[in-house]
Every structure is written in C-alpha cells, then in structure tokens.
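Q: See start.csv below, with CSV, C-alpha atoms and all ligand atoms.
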chain,number,residue,atom,x,y,z
W,293,MET,CA,81.4,-88.2,131.4
W,294,ALA,CA,82.2,-84.9,129.8
W,295,LYS,CA,85.8,-83.8,130.1
W,296,LYS,CA,86.5,-81.0,132.6
W,297,ARG,CA,87.5,-77.8,131.1
W,298,VAL,CA,90.9,-76.1,131.2
W,299,LEU,CA,91.5,-72.5,130.1
W,300,SER,CA,94.6,-70.3,130.0
W,301,GLY,CA,95.8,-67.3,128.2
W,302,MET,CA,99.1,-65.6,127.4
W,303,ARG,CA,99.8,-62.0,126.6
W,304,PRO,CA,101.3,-61.7,123.2
W,305,THR,CA,104.1,-59.3,124.2
W,306,GLY,CA,107.1,-60.8,122.4
W,307,LYS,CA,108.9,-63.9,121.2
W,308,SER,CA,108.7,-67.1,123.2
W,309,HIS,CA,111.7,-68.4,124.9
W,310,LEU,CA,112.8,-71.7,126.6
W,311,GLY,CA,111.2,-70.5,129.9
W,312,HIS,CA,107.8,-70.4,128.1
W,313,LEU,CA,108.4,-73.7,126.4
W,314,HIS,CA,109.2,-75.6,129.6
W,315,GLY,CA,107.2,-73.5,132.0
W,316,ILE,CA,104.0,-73.2,130.0
W,317,PHE,CA,103.7,-74.8,126.6
W,318,GLU,CA,104.7,-78.3,127.6
W,319,ASN,CA,102.2,-78.2,130.4
W,320,TRP,CA,99.5,-76.9,128.2
W,321,ARG,CA,100.3,-79.6,125.6
W,322,SER,CA,100.0,-82.5,128.1
W,323,LEU,CA,96.8,-81.1,129.6
W,324,GLN,CA,95.1,-81.6,126.2
W,325,ASP,CA,95.1,-85.4,126.8
W,326,THR,CA,92.9,-85.2,129.9
W,327,TYR,CA,90.9,-82.0,129.6
W,328,GLU,CA,88.9,-80.0,127.1
W,329,CYS,CA,91.4,-77.1,126.7
W,330,PHE,CA,91.0,-73.5,125.6
W,331,TYR,CA,94.1,-71.5,125.1
W,332,PHE,CA,94.1,-67.9,123.9
W,333,ALA,CA,96.1,-64.9,123.1
W,334,ALA,CA,95.2,-62.3,125.7
W,335,ASP,CA,95.7,-59.3,123.3
W,336,TRP,CA,93.4,-57.0,125.3
W,337,HIS,CA,95.4,-57.7,128.4
W,338,ALA,CA,98.6,-57.0,126.4
W,339,LEU,CA,97.1,-53.6,125.6
W,340,THR,CA,96.9,-52.6,129.2
W,341,SER,CA,100.7,-52.0,129.1
W,342,GLU,CA,101.2,-51.6,125.3
W,343,TYR,CA,98.4,-49.2,124.5
W,344,LYS,CA,100.8,-46.7,123.0
W,345,ASN,CA,101.9,-49.3,120.4
W,346,PRO,CA,98.9,-51.4,119.6
W,347,HIS,CA,100.3,-52.7,116.4
W,348,ILE,CA,103.1,-54.6,118.3
W,349,VAL,CA,100.4,-56.7,120.0
W,350,GLU,CA,98.9,-57.8,116.6
W,351,GLU,CA,102.3,-58.7,115.2
W,352,ASN,CA,103.1,-60.8,118.2
W,353,ILE,CA,99.9,-62.8,118.2
W,354,TRP,CA,100.8,-64.9,115.1
W,355,GLU,CA,104.4,-65.4,116.3
W,356,MET,CA,102.9,-66.7,119.5
W,357,PHE,CA,100.6,-69.1,117.9
W,358,VAL,CA,103.4,-70.5,115.7
W,359,ASP,CA,105.4,-71.1,118.8
W,360,MET,CA,102.5,-72.8,120.6
W,361,LEU,CA,101.7,-75.0,117.6
W,362,SER,CA,105.4,-76.0,117.2
W,363,ALA,CA,105.4,-77.0,120.8
W,364,GLY,CA,102.3,-79.2,120.3
W,365,VAL,CA,99.7,-76.9,121.8
W,366,GLY,CA,96.6,-76.9,119.6
W,367,THR,CA,97.6,-79.8,117.5
W,368,GLY,CA,97.1,-83.6,117.5
W,369,GLU,CA,94.1,-85.8,118.2
W,370,ASN,CA,93.0,-83.9,121.4
W,371,ALA,CA,94.0,-80.5,120.1
W,372,GLY,CA,93.0,-77.7,122.5
W,373,CYS,CA,91.0,-74.8,121.1
W,374,LEU,CA,93.2,-71.8,120.2
W,375,PHE,CA,91.6,-68.4,119.9
W,376,ILE,CA,92.1,-64.6,120.1
W,377,GLN,CA,90.5,-62.8,123.1
W,378,SER,CA,89.6,-59.7,121.2
W,379,GLN,CA,87.8,-61.7,118.6
W,380,VAL,CA,85.3,-62.9,121.1
W,381,LYS,CA,83.5,-59.7,122.0
W,382,GLU,CA,81.4,-61.5,124.7
W,383,HIS,CA,84.5,-61.3,127.0
W,384,ALA,CA,84.1,-57.5,126.9
W,385,GLU,CA,80.4,-57.6,127.7
W,386,LEU,CA,80.9,-59.9,130.7
W,387,PHE,CA,83.9,-57.8,131.8
W,388,LEU,CA,81.6,-54.8,131.9
W,389,LEU,CA,78.9,-56.6,133.9
W,390,LEU,CA,81.4,-58.0,136.3
W,391,SER,CA,83.0,-54.6,136.8
W,392,MET,CA,79.6,-53.5,138.3
W,393,ILE,CA,79.8,-56.0,141.1
W,394,THR,CA,83.6,-56.0,141.8
W,395,PRO,CA,84.5,-53.9,144.9
W,396,LEU,CA,87.4,-51.5,144.2
W,397,GLY,CA,89.2,-52.8,147.3
W,398,TRP,CA,89.7,-56.2,145.8
W,399,LEU,CA,91.6,-54.6,142.9
W,400,GLU,CA,93.5,-52.0,144.9
W,401,ARG,CA,94.8,-54.7,147.4
W,402,ASN,CA,95.8,-57.1,144.6
W,403,PRO,CA,99.5,-57.8,145.2
W,404,THR,CA,100.3,-58.5,141.5
W,405,TYR,CA,98.9,-55.1,140.7
W,406,LYS,CA,101.0,-53.3,143.3
W,407,GLU,CA,104.1,-55.2,142.1
W,408,LEU,CA,103.6,-54.4,138.5
W,409,LEU,CA,103.1,-50.7,139.3
W,410,ARG,CA,106.5,-50.8,140.9
W,411,GLU,CA,108.1,-52.9,138.2
W,412,LEU,CA,106.8,-51.2,135.0
W,413,LYS,CA,108.0,-47.8,136.1
W,414,ASN,CA,108.8,-46.8,132.5
W,415,LYS,CA,105.2,-47.6,131.4
W,416,ASP,CA,102.3,-45.4,132.4
W,417,ILE,CA,99.9,-47.9,133.7
W,418,HIS,CA,98.0,-45.7,136.1
W,419,THR,CA,94.8,-46.4,134.1
W,420,PHE,CA,91.4,-47.7,134.7
W,421,GLY,CA,92.0,-50.6,132.3
W,422,PHE,CA,95.1,-51.7,134.2
W,423,LEU,CA,93.3,-51.6,137.6
W,424,GLY,CA,90.6,-53.7,136.0
W,425,TYR,CA,93.0,-56.3,134.6
W,426,PRO,CA,91.8,-59.0,136.9
W,427,VAL,CA,88.2,-58.4,136.2
W,428,LEU,CA,88.8,-59.0,132.5
W,429,GLN,CA,90.8,-62.1,133.4
W,430,ALA,CA,87.8,-63.3,135.5
W,431,ALA,CA,85.5,-62.8,132.5
W,432,ASP,CA,88.0,-64.7,130.3
W,433,ILE,CA,87.9,-67.7,132.7
W,434,ILE,CA,84.3,-67.9,133.8
W,435,ILE,CA,82.7,-67.3,130.5
W,436,TYR,CA,83.9,-70.8,129.6
W,437,LYS,CA,83.0,-72.1,133.0
W,438,ALA,CA,86.5,-73.5,133.2
W,439,HIS,CA,87.3,-75.9,136.0
W,440,PHE,CA,91.0,-75.5,136.0
W,441,VAL,CA,93.4,-72.7,135.1
W,442,PRO,CA,97.0,-73.6,134.6
W,443,VAL,CA,99.0,-70.6,135.8
W,444,GLY,CA,102.3,-69.6,137.5
W,445,LYS,CA,102.5,-68.5,141.1
W,446,ASP,CA,102.3,-64.8,140.1
W,447,GLN,CA,98.8,-65.3,138.8
W,448,LEU,CA,97.3,-66.8,142.0
W,449,PRO,CA,96.0,-63.5,143.3
W,450,HIS,CA,94.2,-63.0,140.0
W,451,LEU,CA,92.6,-66.4,140.3
W,452,GLU,CA,91.5,-65.7,143.8
W,453,ILE,CA,89.8,-62.5,142.6
W,454,THR,CA,88.1,-64.6,139.8
W,455,ARG,CA,86.8,-67.0,142.4
W,456,GLU,CA,85.5,-64.2,144.6
W,457,ILE,CA,83.8,-62.6,141.6
W,458,ALA,CA,82.2,-65.9,140.5
W,459,ARG,CA,80.8,-66.4,144.0
W,460,ARG,CA,79.6,-62.9,144.3
W,461,PHE,CA,77.7,-63.1,141.0
W,462,ASN,CA,76.0,-66.3,142.0
W,463,TYR,CA,75.1,-64.9,145.4
W,464,LEU,CA,73.8,-61.5,144.1
W,465,TYR,CA,71.6,-63.1,141.4
W,466,GLY,CA,70.6,-66.2,143.3
W,467,LYS,CA,71.7,-68.7,140.7
W,468,GLU,CA,74.8,-70.9,140.4
W,469,VAL,CA,75.8,-69.7,137.0
W,470,PHE,CA,79.5,-69.8,137.6
W,471,ASN,CA,81.8,-72.3,139.3
W,472,PRO,CA,84.8,-70.8,141.1
W,473,PRO,CA,87.7,-72.3,139.1
W,474,ASP,CA,90.8,-73.9,140.6
W,475,ALA,CA,94.4,-73.0,139.8
W,476,LEU,CA,96.6,-75.7,138.4
W,477,LEU,CA,99.8,-74.4,139.7
W,478,THR,CA,102.6,-74.8,137.1
W,479,GLU,CA,105.9,-75.7,138.7
W,480,ALA,CA,108.0,-73.0,137.1
W,481,ALA,CA,110.8,-74.7,135.3
W,482,ALA,CA,113.9,-73.9,137.2
W,483,LEU,CA,115.5,-72.2,134.1
W,484,GLY,CA,117.6,-69.2,134.6
W,485,GLY,CA,118.6,-66.8,131.9
W,486,LEU,CA,122.1,-66.3,130.6
W,487,ASP,CA,122.9,-64.0,133.5
W,488,GLY,CA,121.4,-66.3,136.1
W,489,ARG,CA,118.3,-64.2,136.7
W,490,LYS,CA,114.9,-65.5,135.7
W,491,MET,CA,114.7,-65.9,132.0
W,492,SER,CA,112.8,-62.9,130.6
W,493,LYS,CA,112.7,-60.8,127.6
W,494,SER,CA,113.0,-57.6,129.7
W,495,TYR,CA,116.3,-58.8,131.1
W,496,ASP,CA,117.7,-59.6,127.6
W,497,ASN,CA,118.9,-62.9,128.9
W,498,ALA,CA,116.7,-65.4,127.1
W,499,ILE,CA,117.2,-68.2,124.6
W,500,TYR,CA,114.3,-67.9,122.0
W,501,LEU,CA,112.6,-70.6,120.1
W,502,SER,CA,113.4,-68.6,117.0
W,503,ASP,CA,117.2,-68.6,117.8
W,504,THR,CA,119.5,-70.3,115.3
W,505,PRO,CA,122.0,-72.9,116.3
W,506,GLU,CA,124.8,-70.3,115.9
W,507,GLU,CA,123.0,-67.9,118.2
W,508,ILE,CA,122.4,-70.7,120.8
W,509,ARG,CA,126.1,-71.6,120.8
W,510,LYS,CA,127.0,-68.0,121.3
W,511,LYS,CA,124.5,-67.5,124.1
W,512,ILE,CA,125.5,-70.7,126.0
W,513,SER,CA,129.1,-69.8,125.8
W,514,GLN,CA,128.3,-66.5,127.5
W,515,MET,CA,126.2,-68.1,130.2
W,516,VAL,CA,127.2,-67.6,133.8
W,517,THR,CA,128.0,-70.8,135.8
W,518,ASP,CA,128.8,-71.7,139.4
W,519,THR,CA,130.8,-68.7,140.5
W,520,ARG,CA,133.1,-70.8,142.7
W,521,ARG,CA,134.7,-72.2,139.6
W,522,ALA,CA,136.9,-69.2,138.9
W,523,ARG,CA,139.6,-71.5,137.8
W,524,LYS,CA,139.2,-74.9,136.1
W,525,SER,CA,140.8,-76.6,139.1
W,526,ASP,CA,138.1,-75.2,141.5
W,527,PRO,CA,135.4,-77.7,142.2
W,528,GLY,CA,131.8,-76.7,141.5
W,529,GLU,CA,128.3,-77.6,142.6
W,530,PRO,CA,125.8,-78.4,139.8
W,531,LYS,CA,123.0,-77.5,142.2
W,532,GLU,CA,124.4,-73.9,142.3
W,533,CYS,CA,124.9,-73.7,138.6
W,534,ASN,CA,122.7,-71.9,136.2
W,535,LEU,CA,123.6,-74.1,133.3
W,536,TYR,CA,123.0,-77.5,134.9
W,537,PRO,CA,119.2,-77.4,134.7
W,538,PHE,CA,119.5,-77.3,131.0
W,539,HIS,CA,121.5,-80.5,131.1
W,540,ARG,CA,118.7,-82.0,133.1
W,541,LEU,CA,116.3,-81.1,130.3
W,542,TYR,CA,118.4,-81.9,127.3
W,543,SER,CA,121.2,-84.3,128.1
W,544,PRO,CA,120.9,-88.1,128.6
W,545,LYS,CA,120.7,-89.2,132.2
W,546,GLU,CA,124.1,-90.8,132.3
W,547,LEU,CA,125.7,-87.7,131.0
W,548,GLN,CA,123.9,-85.6,133.6
W,549,GLU,CA,125.3,-87.8,136.4
W,550,GLN,CA,128.8,-87.9,134.9
W,551,ILE,CA,128.8,-84.1,134.6
W,552,ALA,CA,127.6,-83.6,138.2
W,553,GLU,CA,130.3,-85.9,139.5
W,554,ASP,CA,133.1,-84.4,137.3
W,555,CYS,CA,132.0,-80.9,138.2
W,556,ARG,CA,132.3,-81.6,141.9
W,557,LYS,CA,135.8,-83.1,141.4
W,558,ALA,CA,136.9,-80.3,139.0
W,559,ALA,CA,137.4,-83.1,136.4
W,560,ILE,CA,135.4,-81.2,133.7
W,561,GLY,CA,135.7,-77.5,132.9
W,562,CYS,CA,132.8,-75.2,132.3
W,563,VAL,CA,133.8,-74.6,128.7
W,564,GLN,CA,133.6,-78.3,127.9
W,565,CYS,CA,130.4,-78.7,129.9
W,566,LYS,CA,128.9,-75.9,127.8
W,567,LYS,CA,130.0,-77.5,124.5
W,568,LEU,CA,128.2,-80.7,125.5
W,569,LEU,CA,125.1,-78.7,126.4
W,570,MET,CA,125.1,-76.8,123.1
W,571,GLU,CA,125.0,-79.9,121.0
W,572,ASN,CA,122.3,-81.6,123.1
W,573,LEU,CA,120.2,-78.5,123.2
W,574,ILE,CA,120.4,-78.0,119.5
W,575,LYS,CA,119.6,-81.7,118.9
W,576,GLY,CA,116.7,-81.5,121.4
W,577,LEU,CA,115.2,-78.4,119.8
W,578,ASP,CA,115.5,-79.7,116.3
W,579,PRO,CA,112.1,-81.4,116.0
W,580,LEU,CA,110.5,-78.2,117.3
W,581,TRP,CA,112.4,-76.1,114.8
W,582,GLU,CA,111.1,-78.3,112.0
W,583,GLU,CA,107.6,-77.8,113.1
W,584,ARG,CA,108.2,-74.1,113.4
W,585,ALA,CA,109.6,-73.9,109.9
W,586,TYR,CA,106.5,-75.8,108.7
W,587,TYR,CA,104.0,-73.4,110.3
W,588,LEU,CA,105.9,-70.3,109.3
W,589,ALA,CA,105.7,-71.6,105.7
W,590,HIS,CA,102.0,-72.4,106.1
W,591,MET,CA,100.6,-69.3,107.9
W,592,ASN,CA,97.3,-69.9,106.3
W,593,GLU,CA,97.0,-73.2,108.2
W,594,VAL,CA,97.9,-71.4,111.4
W,595,LYS,CA,95.2,-68.8,110.7
W,596,GLU,CA,92.6,-71.4,109.9
W,597,ILE,CA,93.3,-73.3,113.2
W,598,VAL,CA,92.9,-70.0,115.1
W,599,TYR,CA,89.8,-68.9,113.2
W,600,GLN,CA,88.1,-72.2,113.8
W,601,GLY,CA,89.1,-72.1,117.5
W,602,THR,CA,87.8,-68.6,117.8
W,603,GLU,CA,84.5,-69.7,116.3
W,604,ARG,CA,84.2,-72.5,118.9
W,605,ALA,CA,85.1,-70.1,121.7
W,606,ARG,CA,82.4,-67.7,120.5
W,607,GLN,CA,79.8,-70.5,120.6
W,608,VAL,CA,80.6,-71.3,124.2
W,609,SER,CA,80.7,-67.6,125.2
W,610,ARG,CA,77.4,-66.9,123.5
W,611,GLU,CA,75.7,-69.6,125.5
W,612,THR,CA,77.0,-68.3,128.7
W,613,MET,CA,76.1,-64.7,128.0
W,614,ALA,CA,72.6,-65.8,127.1
W,615,GLU,CA,72.3,-67.3,130.6
W,616,VAL,CA,73.9,-64.2,132.2
W,617,ARG,CA,71.5,-61.8,130.5
W,618,ASP,CA,68.7,-64.0,131.5
W,619,VAL,CA,69.6,-64.0,135.1
W,620,LEU,CA,70.0,-60.2,135.1
W,621,GLY,CA,66.7,-59.8,133.3
W,622,PHE,CA,68.2,-58.0,130.4
W,701,LIG,N1,97.3,-62.5,133.2
W,701,LIG,C1,97.8,-63.7,132.5
W,701,LIG,C2,99.3,-63.5,132.4
W,701,LIG,O1,99.8,-62.4,132.4
W,701,LIG,C3,97.2,-63.8,131.1
W,701,LIG,C4,95.8,-64.1,131.2
W,701,LIG,C5,94.8,-63.3,130.7
W,701,LIG,C6,95.2,-65.3,131.6
W,701,LIG,N2,93.6,-63.9,130.9
W,701,LIG,C7,93.8,-65.1,131.5
W,701,LIG,C8,95.7,-66.5,132.2
W,701,LIG,C9,92.9,-66.1,131.9
W,701,LIG,C10,94.8,-67.5,132.6
W,701,LIG,C11,93.4,-67.3,132.4
W,701,LIG,O2,100.0,-64.5,132.2
W,702,LIG,FE1,128.1,-75.7,135.8
W,702,LIG,FE2,129.0,-77.6,134.1
W,702,LIG,FE3,130.6,-75.6,135.1
W,702,LIG,FE4,129.7,-77.5,136.7
W,702,LIG,S1,131.1,-77.8,135.0
W,702,LIG,S2,129.8,-75.3,137.1
W,702,LIG,S3,127.7,-77.9,135.9
W,702,LIG,S4,128.9,-75.4,133.7
Can you give me the file's structure in the form of structure tokens?
Ligand code: TRP
Ligand code: SF4
A:
Amino acid sequence: MAKKRVLSGMRPTGKSHLGHLHGIFENWRSLQDTYECFYFAADWHALTSEYKNPHIVEENIWEMFVDMLSAGVGTGENAGCLFIQSQVKEHAELFLLLSMITPLGWLERNPTYKELLRELKNKDIHTFGFLGYPVLQAADIIIYKAHFVPVGKDQLPHLEITREIARRFNYLYGKEVFNPPDALLTEAAALGGLDGRKMSKSYDNAIYLSDTPEEIRKKISQMVTDTRRARKSDPGEPKECNLYPFHRLYSPKELQEQIAEDCRKAAIGCVQCKKLLMENLIKGLDPLWEERAYYLAHMNEVKEIVYQGTERARQVSRETMAEVRDVLGF
C-alpha cells in the first residue's frame, strides 16, 4: 500500500532555536519513517509580514534548511522531500482559484488572524495577502493531497479552513478532487525561554542551534528558575522550574531524579543545577553541531537536496493542477 502523505511548512523568518528543534524538527524527522513527507520553506507566507524586507526571507531560507538537515529532516533512507514554496508556482495558481470560492467570512472570523493583527502591531499587515494567508496555506496542503499536517495548536484554525475549502471545491465542481487533511497535533515541547516565557525570537529569550558552547553557558546561567528559591536554603519544585524541562531532554534519567529530589530538599543550588545542565546540553547538541558544520561547509549539497526536492514537488503539483483545470473546464 502506498504510504500516506504528510506535509508541513515553516516560515523562514529567522534562526532556529531549541523550541523548533524539539517542537517541530524532531517530530518531522520521525514522521519520515512512516509517511511520504513533504517539508517546505513557506517563503511567500513569510512575505505577508516581511514584505518590506524581502531579502531577509531569502537569506533565512538556507539557514533554515541547514538547521532542518542537521536535525535529520530531509536526510537518511526515508528522507522527506524538502522544497521552496515560491519555486513551485502551481501553489500560486491554486491559491488564486481557491480564493474565488472562499467566503470572506471564513477569513475574517479566523482567530489566528485576529490574534496576529493584535500581536504584530509594529507591522502593517492590513493587507489582502495577509487576510488570504490561510487560502495560500490551503493551496500548499491540498495541492499534494496530503493526508496529515503536523502543526501546533495555533495552526488548527488554518487547518479547519483548509478542510472547508477542500470540501467546498469538491461540492461545487462535483468531484472528489481533494481530501480534507487531518492535523497531527504536535505536543509543543514544554520549553520556556531564558525568561520563562515561551521560547521565541521576538522575546529575545531563545537558545539557537547556531549558539556556541560559550553562548549556551552564558544563557543558561542567566535563566530564571523556580522563584521560590530566592535563597539556596529555600526548597524548590522542579515542576515549577523553567530549567528542569531541559534536564528532562538532556540529562540522564538518574540525574533527573536526583535533581528533582535534591531541589525539593534544597540539597542542590540552582547554580550547580545549571552547571550540570550546561554540560549535558552541550554534549547533547554536539552531534547536531557536527552535522551543522558539515552542511555549512557543503552548501552545494544543501542546495542540490532542495533543488531535487523542489523538482519532485513540482511534479506532484503539476499533476494536481492538470486535474483541477480539467474539472473547471479551463
Ligand atoms: N502557517 C504556518 C506557520 O506559520 C506555515 C505554513 C504555511 C504551513 N503553509 C503551510 C504549515 C502548510 C503547514 C502546512 O507555521
Ligand atoms: Fe530549577 Fe534546578 Fe533550581 Fe530546582 S535546583 S529550581 S530544578 S534550577
């Protein structure tokens, strides 16, 4: 039986951090074993907010692919197909056609849209393109007839719109061209940033895959911990500590348990706890850094992987568009 298809995209808006690694890339990597995977740089989507600095988007694309490859996405025996959205023009054609059948109300009511309008106050995103963001996303997904779309919770409204659009297309033109895709909800890794808020570039609280060991040591030492441990003799609660989830990812099981116990008895101080984490984190990231250095030194290889992936994506998109034009009688 043919493998089911998975597709997901990421806007190339900046360097990847540990939140991306544990929240997205690791999940994308393991999906490759079970599904036929398509992963792409959503550079047109990035343009909806970065249209004043389009060159930034282009620079970020390659950095993003290097990070993905270093994390095992797009490599190995079952490598997923990596491609660039803007290099598969069929997405734009389908976007245009879908825009004809998408009621404005679906877009105006979209909670993610309303939230971003509030959040990105410093960016002028009162544009047609930004309102149509979910329609382009729907085109991205259904042009590959993807069965599953791994996304975070914030993307669920977009996926719901995608399903509605797919159904509406089939209904209007009397043929089951598109299957409404299902979300594969990614359990957001419970990783806070240095300040305890969600790890994010815009909060300036992230640990990047490109950070050096020195930068990591410095960042960890600045990290907020359980606020009840004002003095070393005050007991703490790892469950309330911003740092502890990193131990869960990077420290051996016995050490995790030891730390939890000692933290609750105030037998270990946060400074010492951080030192243990620094070394384990650096050790844990070392294989990824090695891969990263390799790809950075072999950018031609990175480009070749993406060019081939883009070629494959084009093939699939062309087939779907032939079917779509046929159904519309164009
Ligand atoms: N909107 C997604 C995000 O911000 C990126 C994206 C664009 C996407 N097209 C997609 C994700 C298609 C999944 C499928 O993260
Ligand atoms: Fe957090 Fe470790 Fe400090 Fe406990 S000892 S509060 S787990 S940093």
Q: For region 385-387 of chain W, please output as number ranges by chain all residues within 10 Å (counting all atoms listed in the file; exclusion window: fewer than 2 positions along the same chain).
A: W: 380-383, 389-392, 424-432, 434-435, 609, 612-613, 616-617
Q: Please indicate the distance in Å from CA of Arg303 (chain W) to CA of Glu611 (chain W), rounded to one decimal place.
A: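 CA of Arg303 (chain W) sits 25.3 Å away from CA of Glu611 (chain W).
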Q: Give the answer as one residue: which of W:Met491, W:Leu388, W:Leu448, W:Leu412 has the shortest atom-to-atom distance to ligand LIG 701 (chain W), using all atoms listed in the file?
A: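 Of the candidates, the smallest distance to ligand LIG 701 (chain W) is held by W:Leu448.
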Q: Give me the residues near Trp581 (chain W) as a ChimeraX atom specification, where near means some atom within 12 Å (using only C-alpha atoms) and where sequence neighbours in that chain fewer than 2 positions away do not count.
A: /W:358-364,500-505,573-579,583-588
Q: Using all atoms listed in the file, which residues sit within 8 Å of Met570 (chain W) once same-chain residues fewer than 2 positions away are excluded, as a PDB file with C-alpha atoms, in the frame of the given file?
A:
ATOM      1  CA  ILE W 508     122.400 -70.700 120.800  1.00  0.00           C
ATOM      2  CA  ARG W 509     126.100 -71.600 120.800  1.00  0.00           C
ATOM      3  CA  ILE W 512     125.500 -70.700 126.000  1.00  0.00           C
ATOM      4  CA  LYS W 566     128.900 -75.900 127.800  1.00  0.00           C
ATOM      5  CA  LYS W 567     130.000 -77.500 124.500  1.00  0.00           C
ATOM      6  CA  LEU W 568     128.200 -80.700 125.500  1.00  0.00           C
ATOM      7  CA  ASN W 572     122.300 -81.600 123.100  1.00  0.00           C
ATOM      8  CA  LEU W 573     120.200 -78.500 123.200  1.00  0.00           C
ATOM      9  CA  ILE W 574     120.400 -78.000 119.500  1.00  0.00           C
TER      10      ILE W 574
END
Q: Measuring between only C-alpha atoms and all ligand atoms, which one of W:Gln600, W:Asn534, W:Ser543, W:Gln550 shows the shortest distance to ligand LIG 702 (chain W)?
A: W:Asn534
